[in-house]
Amino acid sequence: MNRAVMSADHPLPEPSAPSEGALPVAQAGPLPPGMRDRRARLMRFIGTYGTIIVLAAMLVIFSILQPGTFATVGNFRNIINDMAIGTIVASGLTVPLVAGDFDLSIGYVASFCGLLVVGLLSFSGLSIPLAIVLVVGLGTLIGVVNGIVVSKIGVNAFIATLGTGTIVVGLNYAYSGGIPLQLTQGREFTKIAIGRIAGVPHLVIIMAAVLIILWVILNRTVQGQHIKAIGVSPESARRAGVAVDRSRIVAFAIASTCAAIGGVLMASNLGSGQVTAGDGFMLTSFSAAFLGSAALREGQFHIVGTLIGVLTVAVGNNGLAMIGAPIFTQFLFAGTLLVIAVALGGIGRRFGRG
Amino acid sequence: MAREPLLSLRRICRSFGGIQALDNVSLEIGKGDVIGLVGDNGAGKSTLIKILAGAHDPTSGEVILEGQPHKLSPPAEAQRLGIETVYQDLSLVGAFTAAENFFLGREIALGRGPALLRWMRRGAMGDTALRGLETLNIDIPGIRNKPVDRMSGGQRQLVAIARGAFWGHKLLLLDEPTAALGVRESREVLDLIRRLAAKGLTIIMVTHNLDHLWQVCNRVVVMRRGRKVADLSSADTNMEEVVAYITGARAISEAAA
């Protein structure tokens with residue numbers, strides 16, 4: 001997806017025609033180099049700091065509008081706790097995005113895995129650890145299937161993951177009949193998402209662990225290096241001896257595993273299995289990852305950026321709720337933010353020094 | 001041409017569907033040879049290079065490396081045997097530093113097993129790449145920290161060739177190494193190829209620029225319509241003769257028959 005964009009030259013936009021009264025020198029050619037540089041620098045700045053500016057602006061605006069409720073330590077604790085599961089799913093999605101692949105199945109995987117873990121506990125009577133291991137393993141397997149379909153069979157990732165995601169929805173309905181499942185056995189399961197260690201919520205600890213592991217994989221392991229390489233230039237990587245197909249499969253597997261973990265935590269948090277509870281993660285994860293690509297890195301996807309992206313989405317939603325905005329504005333906000341996010345990432349890539 | 005043989009191609013044919021891309025091509029490559037491979041578009045140069053690089057298998061014919069028959073494909077096998085290819089473009093990852101590109105696919109790492117569990121040793125990779133470039137007298141700032149897409153085309157080509165020379169201890173294949181470069185950058189790249197040749201590295205260079213060929217190569221091999229039509233010592237021929245072979249104005253020479 002971003003391959004074409006990355007490899008293209010970085011043409012500057014055609015400057016508008018000079019006005020009537022302009023000097024002949026200016027009429028002869030494009031903008032003078034000084035101005036063009038300034039414009040490119042501004043665009044590069046927007047592409048690199050755009051998300052952080054959006055986040056800072058929202059923090060300031062909501063703090064001014066609701067100083068008593070929004071700008072409080074307790075509220076920020078809530079924001080962090082509420083965004084934990086979304087962060088896990090979004091940071092997982094970041095890995096195939098770094099490799100240059102979309103994964104549209106993550107939301108459906110999260111929904112199905114959340115439902116399935118409740119089912120396995122309530123109806124199959126599995127122990128909590130076994131149920132979790134099976135469900136997360138299933139998530140990994142779905143990711144491996146995505147990766148094989150995309151890399152070995154060569155189906156466009158966008159379509160392939162839309163297809164596998166829809167199959168997962170089918171499995172979900174086949175298993176549940178489209179009805180939410182109540183947790184009747186293994187009540188301890190709910191303590192995973194709700195407990196605290198030394199005052200820090202479990203969810204926040206798990207989120208931090210996932211973020212650290214994914215950051216290390218992408219930035220410190222050979223696998224991460226290969227995933228980055230194929231995202232920038234798959235052909236160069238292949239010729240240098242990188243196992244391109246395997247790297248793509250690993251990337252999809254990581255995304256799907258994180259989606260499954262997110263689904264399990266969501267079920268633990270809700271104490272039930274909801275048929276579509278995780279579907280929304282797809283949109284928010286893409287928003288977060290694209291916002292993150294316009295944070296500090298000139299349009300490249302990266303884990304820390306995605307964290308900043310999730311924070312931006314979460315602060316926006318929380319702030320809108322705090323000022324009492326009607327529910328429809330949350331959708332307007334989410335959709336607008338996704339478009340802004342992709343635009344910012346694109347600006348970063350086009351005007352980056354790369 | 002009394003060099004010790006490194007690699008022999010014997011009666012190599014390669015067809016794609018109904019098209020005969022290589023027709024009975026035999027070529028003796030001696031250790032230390034610097035061969036300029038020329039010919040019109042579609043003459044079979046690329047197919048020949050790809051067979052040597054392990055990217056294609058010959059339909060028929062033999063490849064003898066140091067006296068032993070060998071299969072060069074897949075490319076990883078050719079690389080393992082010490083044959084490296086520098087493609088015209090697409091050989092470097094733009095967002096990576098020169099050091100990262102040097103070790104792409106062959107990272108220095110701690111641990112064994114799947115790539116997911118191998119910890120990259122960035123420091124060691126940077127040191128080794130720097131030393132490797134220094135021994136070739138290549139002085140480019142920012143080897144460790146500057147993405148190669150912020151380097152000039154000439155610098156990128158130097159990095160790509162140096163990487164090939166670093167890993168390809170037997171044979172280095174260069175696909176139009178000066179095609180996209182300006183005069184000064186071409187000179188730097190040709191200087192590097194000369195230095196590599198002086199170290200005894202065997203090199204095959206595809207080029208359309210006969211002037212560049214004469215500056216570095218001791219042999220000229222001309223391809224035309226899938227066949228080798230001339231195999232000449234650079235000292236015994238001249239540009240007019242080579243052009244005549246390329247265009248077909250002269251038929252197969254005795255040396256090539």
# chains A, B, ... in the order shown; residues from 1 in each chain; ligands from 1
>>> interface_residues(of="chain B", to="chain A", cutoff="8 Å", atoms="only C-alpha atoms", output="JSON, numbers by chain")
{"B": [75, 76, 90, 91, 92, 93, 94, 95, 96, 104, 105, 106, 107, 109, 115, 116, 117, 118, 119, 120, 147, 149, 150]}
>>> write_last_selection(atoms="C-alpha atoms", output="mmCIF file, in the first residue's frame")
data_model
loop_
_atom_site.group_PDB
_atom_site.id
_atom_site.type_symbol
_atom_site.label_atom_id
_atom_site.label_comp_id
_atom_site.auth_asym_id
_atom_site.auth_seq_id
_atom_site.Cartn_x
_atom_site.Cartn_y
_atom_site.Cartn_z
ATOM 1 C CA PRO B 75 19.934 -17.032 -5.633
ATOM 2 C CA ALA B 76 20.727 -17.934 -2.029
ATOM 3 C CA LEU B 90 16.429 -2.202 -6.372
ATOM 4 C CA SER B 91 19.499 -3.493 -4.656
ATOM 5 C CA LEU B 92 19.333 -1.296 -1.560
ATOM 6 C CA VAL B 93 16.573 -0.551 0.936
ATOM 7 C CA GLY B 94 16.260 3.230 0.882
ATOM 8 C CA ALA B 95 15.238 3.808 4.469
ATOM 9 C CA PHE B 96 18.113 1.715 5.826
ATOM 10 C CA LEU B 104 20.439 -7.159 4.990
ATOM 11 C CA GLY B 105 19.502 -10.830 4.957
ATOM 12 C CA ARG B 106 22.778 -11.702 6.729
ATOM 13 C CA GLU B 107 22.512 -9.719 9.930
ATOM 14 C CA ALA B 109 22.932 -11.507 15.524
ATOM 15 C CA ALA B 115 14.588 -14.669 13.104
ATOM 16 C CA LEU B 116 12.046 -13.550 15.707
ATOM 17 C CA LEU B 117 14.431 -14.656 18.478
ATOM 18 C CA ARG B 118 17.694 -13.419 17.013
ATOM 19 C CA TRP B 119 18.973 -10.191 18.529
ATOM 20 C CA MET B 120 20.672 -7.898 16.033
ATOM 21 C CA PRO B 147 19.555 6.310 5.225
ATOM 22 C CA ASP B 149 18.113 7.322 0.058
ATOM 23 C CA ARG B 150 19.677 10.506 1.400
#
>>> residues_around(residues="Ile205 (chain A)", least_positions_apart="3", cutoff="12 Å", atoms="only C-alpha atoms", output="PyMOL selection string")
chain A and resi 80-81+84-85+87-88+192-202+208-212
>>> residues_around(residues="Gly86 (chain A)", least_positions_apart="4", cutoff="9 Å", atoms="only C-alpha atoms", output="MDAnalysis selection string")
chainID A and resid 82 90:91 262 281 284:285 310
>>> write_last_selection(atoms="N, CA and C atoms", output="tab-separated table (two decimals), in the first residue's frame")
chain	number	residue	atom	x	y	z
A	82	ASP	N	-8.91	2.72	29.70
A	82	ASP	CA	-9.88	2.43	28.64
A	82	ASP	C	-9.21	2.16	27.31
A	90	ALA	N	-4.16	-2.30	18.19
A	90	ALA	CA	-3.58	-1.36	17.21
A	90	ALA	C	-2.08	-1.57	17.05
A	91	SER	N	-1.38	-1.86	18.15
A	91	SER	CA	0.07	-2.04	18.01
A	91	SER	C	0.36	-3.35	17.27
A	262	GLY	N	-6.58	-9.06	22.61
A	262	GLY	CA	-7.52	-7.96	22.84
A	262	GLY	C	-8.93	-8.49	23.05
A	281	PHE	N	-12.64	-2.26	16.71
A	281	PHE	CA	-11.19	-2.13	16.83
A	281	PHE	C	-10.52	-1.90	15.48
A	284	THR	N	-10.60	1.97	14.77
A	284	THR	CA	-9.77	2.74	15.70
A	284	THR	C	-8.29	2.36	15.55
A	285	SER	N	-8.03	1.09	15.24
A	285	SER	CA	-6.63	0.68	15.09
A	285	SER	C	-6.01	1.33	13.86
A	310	VAL	N	-3.27	6.04	19.48
A	310	VAL	CA	-4.37	5.54	20.31
A	310	VAL	C	-4.73	6.57	21.37
>>> atom_distance(atom1="CA of Ala277 (chain A)", atom2="CA of Thr161 (chain A)")
18.8 Å
>>> select_by_dssp(residues="region 49-212 of chain B", states="strand (DSSP E)", output="list in words")
Ser60, Gly61, Glu62, Val63, Ile64, Leu65, Gln68, Pro69, Ile83, Glu84, Thr85, Val86, Ala109, Leu110, Trp119, Met120, Leu171, Leu172, Leu173, Leu174, Asp175, Thr202, Ile203, Ile204, Met205 and Val206 of chain B
>>> write_last_selection(atoms="C-alpha atoms", output="PDB file, in the first residue's frame")
ATOM      1  CA  SER B  60      20.062 -27.476 -20.720  1.00  0.00           C
ATOM      2  CA  GLY B  61      23.823 -27.271 -20.342  1.00  0.00           C
ATOM      3  CA  GLU B  62      26.304 -27.497 -17.520  1.00  0.00           C
ATOM      4  CA  VAL B  63      27.725 -25.096 -14.967  1.00  0.00           C
ATOM      5  CA  ILE B  64      31.181 -26.065 -13.688  1.00  0.00           C
ATOM      6  CA  LEU B  65      32.458 -24.126 -10.690  1.00  0.00           C
ATOM      7  CA  GLN B  68      32.765 -29.354 -10.032  1.00  0.00           C
ATOM      8  CA  PRO B  69      29.334 -29.282 -11.678  1.00  0.00           C
ATOM      9  CA  ILE B  83      28.591 -15.259  -6.311  1.00  0.00           C
ATOM     10  CA  GLU B  84      27.023 -11.847  -5.686  1.00  0.00           C
ATOM     11  CA  THR B  85      24.902  -9.742  -8.005  1.00  0.00           C
ATOM     12  CA  VAL B  86      24.483  -5.977  -7.970  1.00  0.00           C
ATOM     13  CA  ALA B 109      22.932 -11.507  15.524  1.00  0.00           C
ATOM     14  CA  LEU B 110      22.984 -13.188  18.889  1.00  0.00           C
ATOM     15  CA  TRP B 119      18.973 -10.191  18.529  1.00  0.00           C
ATOM     16  CA  MET B 120      20.672  -7.898  16.033  1.00  0.00           C
ATOM     17  CA  LEU B 171      32.432 -13.731  -8.603  1.00  0.00           C
ATOM     18  CA  LEU B 172      30.791 -10.324  -8.716  1.00  0.00           C
ATOM     19  CA  LEU B 173      28.065  -9.685 -11.301  1.00  0.00           C
ATOM     20  CA  LEU B 174      27.356  -6.027 -12.079  1.00  0.00           C
ATOM     21  CA  ASP B 175      24.252  -5.097 -14.061  1.00  0.00           C
ATOM     22  CA  THR B 202      36.481 -11.920 -10.810  1.00  0.00           C
ATOM     23  CA  ILE B 203      33.889  -9.566 -12.261  1.00  0.00           C
ATOM     24  CA  ILE B 204      31.320  -9.717 -15.044  1.00  0.00           C
ATOM     25  CA  MET B 205      29.855  -6.372 -15.937  1.00  0.00           C
ATOM     26  CA  VAL B 206      26.891  -5.804 -18.233  1.00  0.00           C
TER      27      VAL B 206
END
>>> decode(residues="region 33-104 of chain A", atoms="C-alpha atoms", output="mmCIF file, in the first residue's frame")
data_model
loop_
_atom_site.group_PDB
_atom_site.id
_atom_site.type_symbol
_atom_site.label_atom_id
_atom_site.label_comp_id
_atom_site.auth_asym_id
_atom_site.auth_seq_id
_atom_site.Cartn_x
_atom_site.Cartn_y
_atom_site.Cartn_z
ATOM 1 C CA PRO A 33 13.944 28.119 -4.037
ATOM 2 C CA GLY A 34 13.765 29.814 -0.655
ATOM 3 C CA MET A 35 9.978 29.746 -0.565
ATOM 4 C CA ARG A 36 9.785 26.250 -1.918
ATOM 5 C CA ASP A 37 12.127 25.077 0.807
ATOM 6 C CA ARG A 38 10.038 26.806 3.420
ATOM 7 C CA ARG A 39 6.894 25.132 2.133
ATOM 8 C CA ALA A 40 8.558 21.709 2.055
ATOM 9 C CA ARG A 41 9.896 22.266 5.557
ATOM 10 C CA LEU A 42 6.430 23.204 6.807
ATOM 11 C CA MET A 43 4.927 20.098 5.207
ATOM 12 C CA ARG A 44 7.668 17.945 6.662
ATOM 13 C CA PHE A 45 6.981 19.487 10.066
ATOM 14 C CA ILE A 46 3.263 18.709 9.718
ATOM 15 C CA GLY A 47 4.026 15.174 8.600
ATOM 16 C CA THR A 48 6.343 14.630 11.541
ATOM 17 C CA TYR A 49 4.516 16.436 14.336
ATOM 18 C CA GLY A 50 0.949 16.624 13.003
ATOM 19 C CA THR A 51 -0.489 14.027 15.349
ATOM 20 C CA ILE A 52 1.230 15.498 18.372
ATOM 21 C CA ILE A 53 -0.176 18.924 17.434
ATOM 22 C CA VAL A 54 -3.694 17.444 17.128
ATOM 23 C CA LEU A 55 -3.300 15.712 20.499
ATOM 24 C CA ALA A 56 -1.959 18.839 22.189
ATOM 25 C CA ALA A 57 -4.754 20.955 20.701
ATOM 26 C CA MET A 58 -7.423 18.591 21.995
ATOM 27 C CA LEU A 59 -5.845 18.496 25.447
ATOM 28 C CA VAL A 60 -5.850 22.307 25.593
ATOM 29 C CA ILE A 61 -9.399 22.721 24.236
ATOM 30 C CA PHE A 62 -11.012 20.084 26.455
ATOM 31 C CA SER A 63 -9.076 21.351 29.487
ATOM 32 C CA ILE A 64 -10.411 24.841 28.886
ATOM 33 C CA LEU A 65 -13.984 23.603 28.311
ATOM 34 C CA GLN A 66 -14.062 21.120 31.193
ATOM 35 C CA PRO A 67 -11.286 21.998 33.647
ATOM 36 C CA GLY A 68 -13.056 20.323 36.564
ATOM 37 C CA THR A 69 -13.698 16.931 34.979
ATOM 38 C CA PHE A 70 -11.463 16.476 31.926
ATOM 39 C CA ALA A 71 -8.183 17.838 33.234
ATOM 40 C CA THR A 72 -7.966 15.610 36.290
ATOM 41 C CA VAL A 73 -5.574 12.829 37.244
ATOM 42 C CA GLY A 74 -8.512 10.467 37.727
ATOM 43 C CA ASN A 75 -9.803 11.118 34.224
ATOM 44 C CA PHE A 76 -6.414 10.479 32.677
ATOM 45 C CA ARG A 77 -6.175 7.249 34.619
ATOM 46 C CA ASN A 78 -9.511 6.296 33.062
ATOM 47 C CA ILE A 79 -8.345 7.242 29.588
ATOM 48 C CA ILE A 80 -5.219 5.083 29.912
ATOM 49 C CA ASN A 81 -7.175 2.142 31.309
ATOM 50 C CA ASP A 82 -9.882 2.432 28.637
ATOM 51 C CA MET A 83 -7.389 2.574 25.785
ATOM 52 C CA ALA A 84 -5.349 -0.441 26.932
ATOM 53 C CA ILE A 85 -7.154 -3.100 24.872
ATOM 54 C CA GLY A 86 -7.339 -0.861 21.812
ATOM 55 C CA THR A 87 -3.613 -0.216 22.112
ATOM 56 C CA ILE A 88 -2.857 -3.933 22.122
ATOM 57 C CA VAL A 89 -4.894 -4.492 18.941
ATOM 58 C CA ALA A 90 -3.577 -1.363 17.207
ATOM 59 C CA SER A 91 0.068 -2.042 18.012
ATOM 60 C CA GLY A 92 -0.367 -5.560 16.640
ATOM 61 C CA LEU A 93 -1.827 -4.111 13.426
ATOM 62 C CA THR A 94 1.205 -1.833 13.193
ATOM 63 C CA VAL A 95 3.463 -4.819 12.439
ATOM 64 C CA PRO A 96 1.868 -5.820 9.072
ATOM 65 C CA LEU A 97 1.510 -2.121 8.255
ATOM 66 C CA VAL A 98 5.279 -1.770 8.701
ATOM 67 C CA ALA A 99 5.646 -4.736 6.333
ATOM 68 C CA GLY A 100 3.424 -2.915 3.830
ATOM 69 C CA ASP A 101 0.281 -5.017 4.330
ATOM 70 C CA PHE A 102 -3.224 -4.139 5.518
ATOM 71 C CA ASP A 103 -5.071 -6.454 7.867
ATOM 72 C CA LEU A 104 -8.822 -5.791 7.884
#
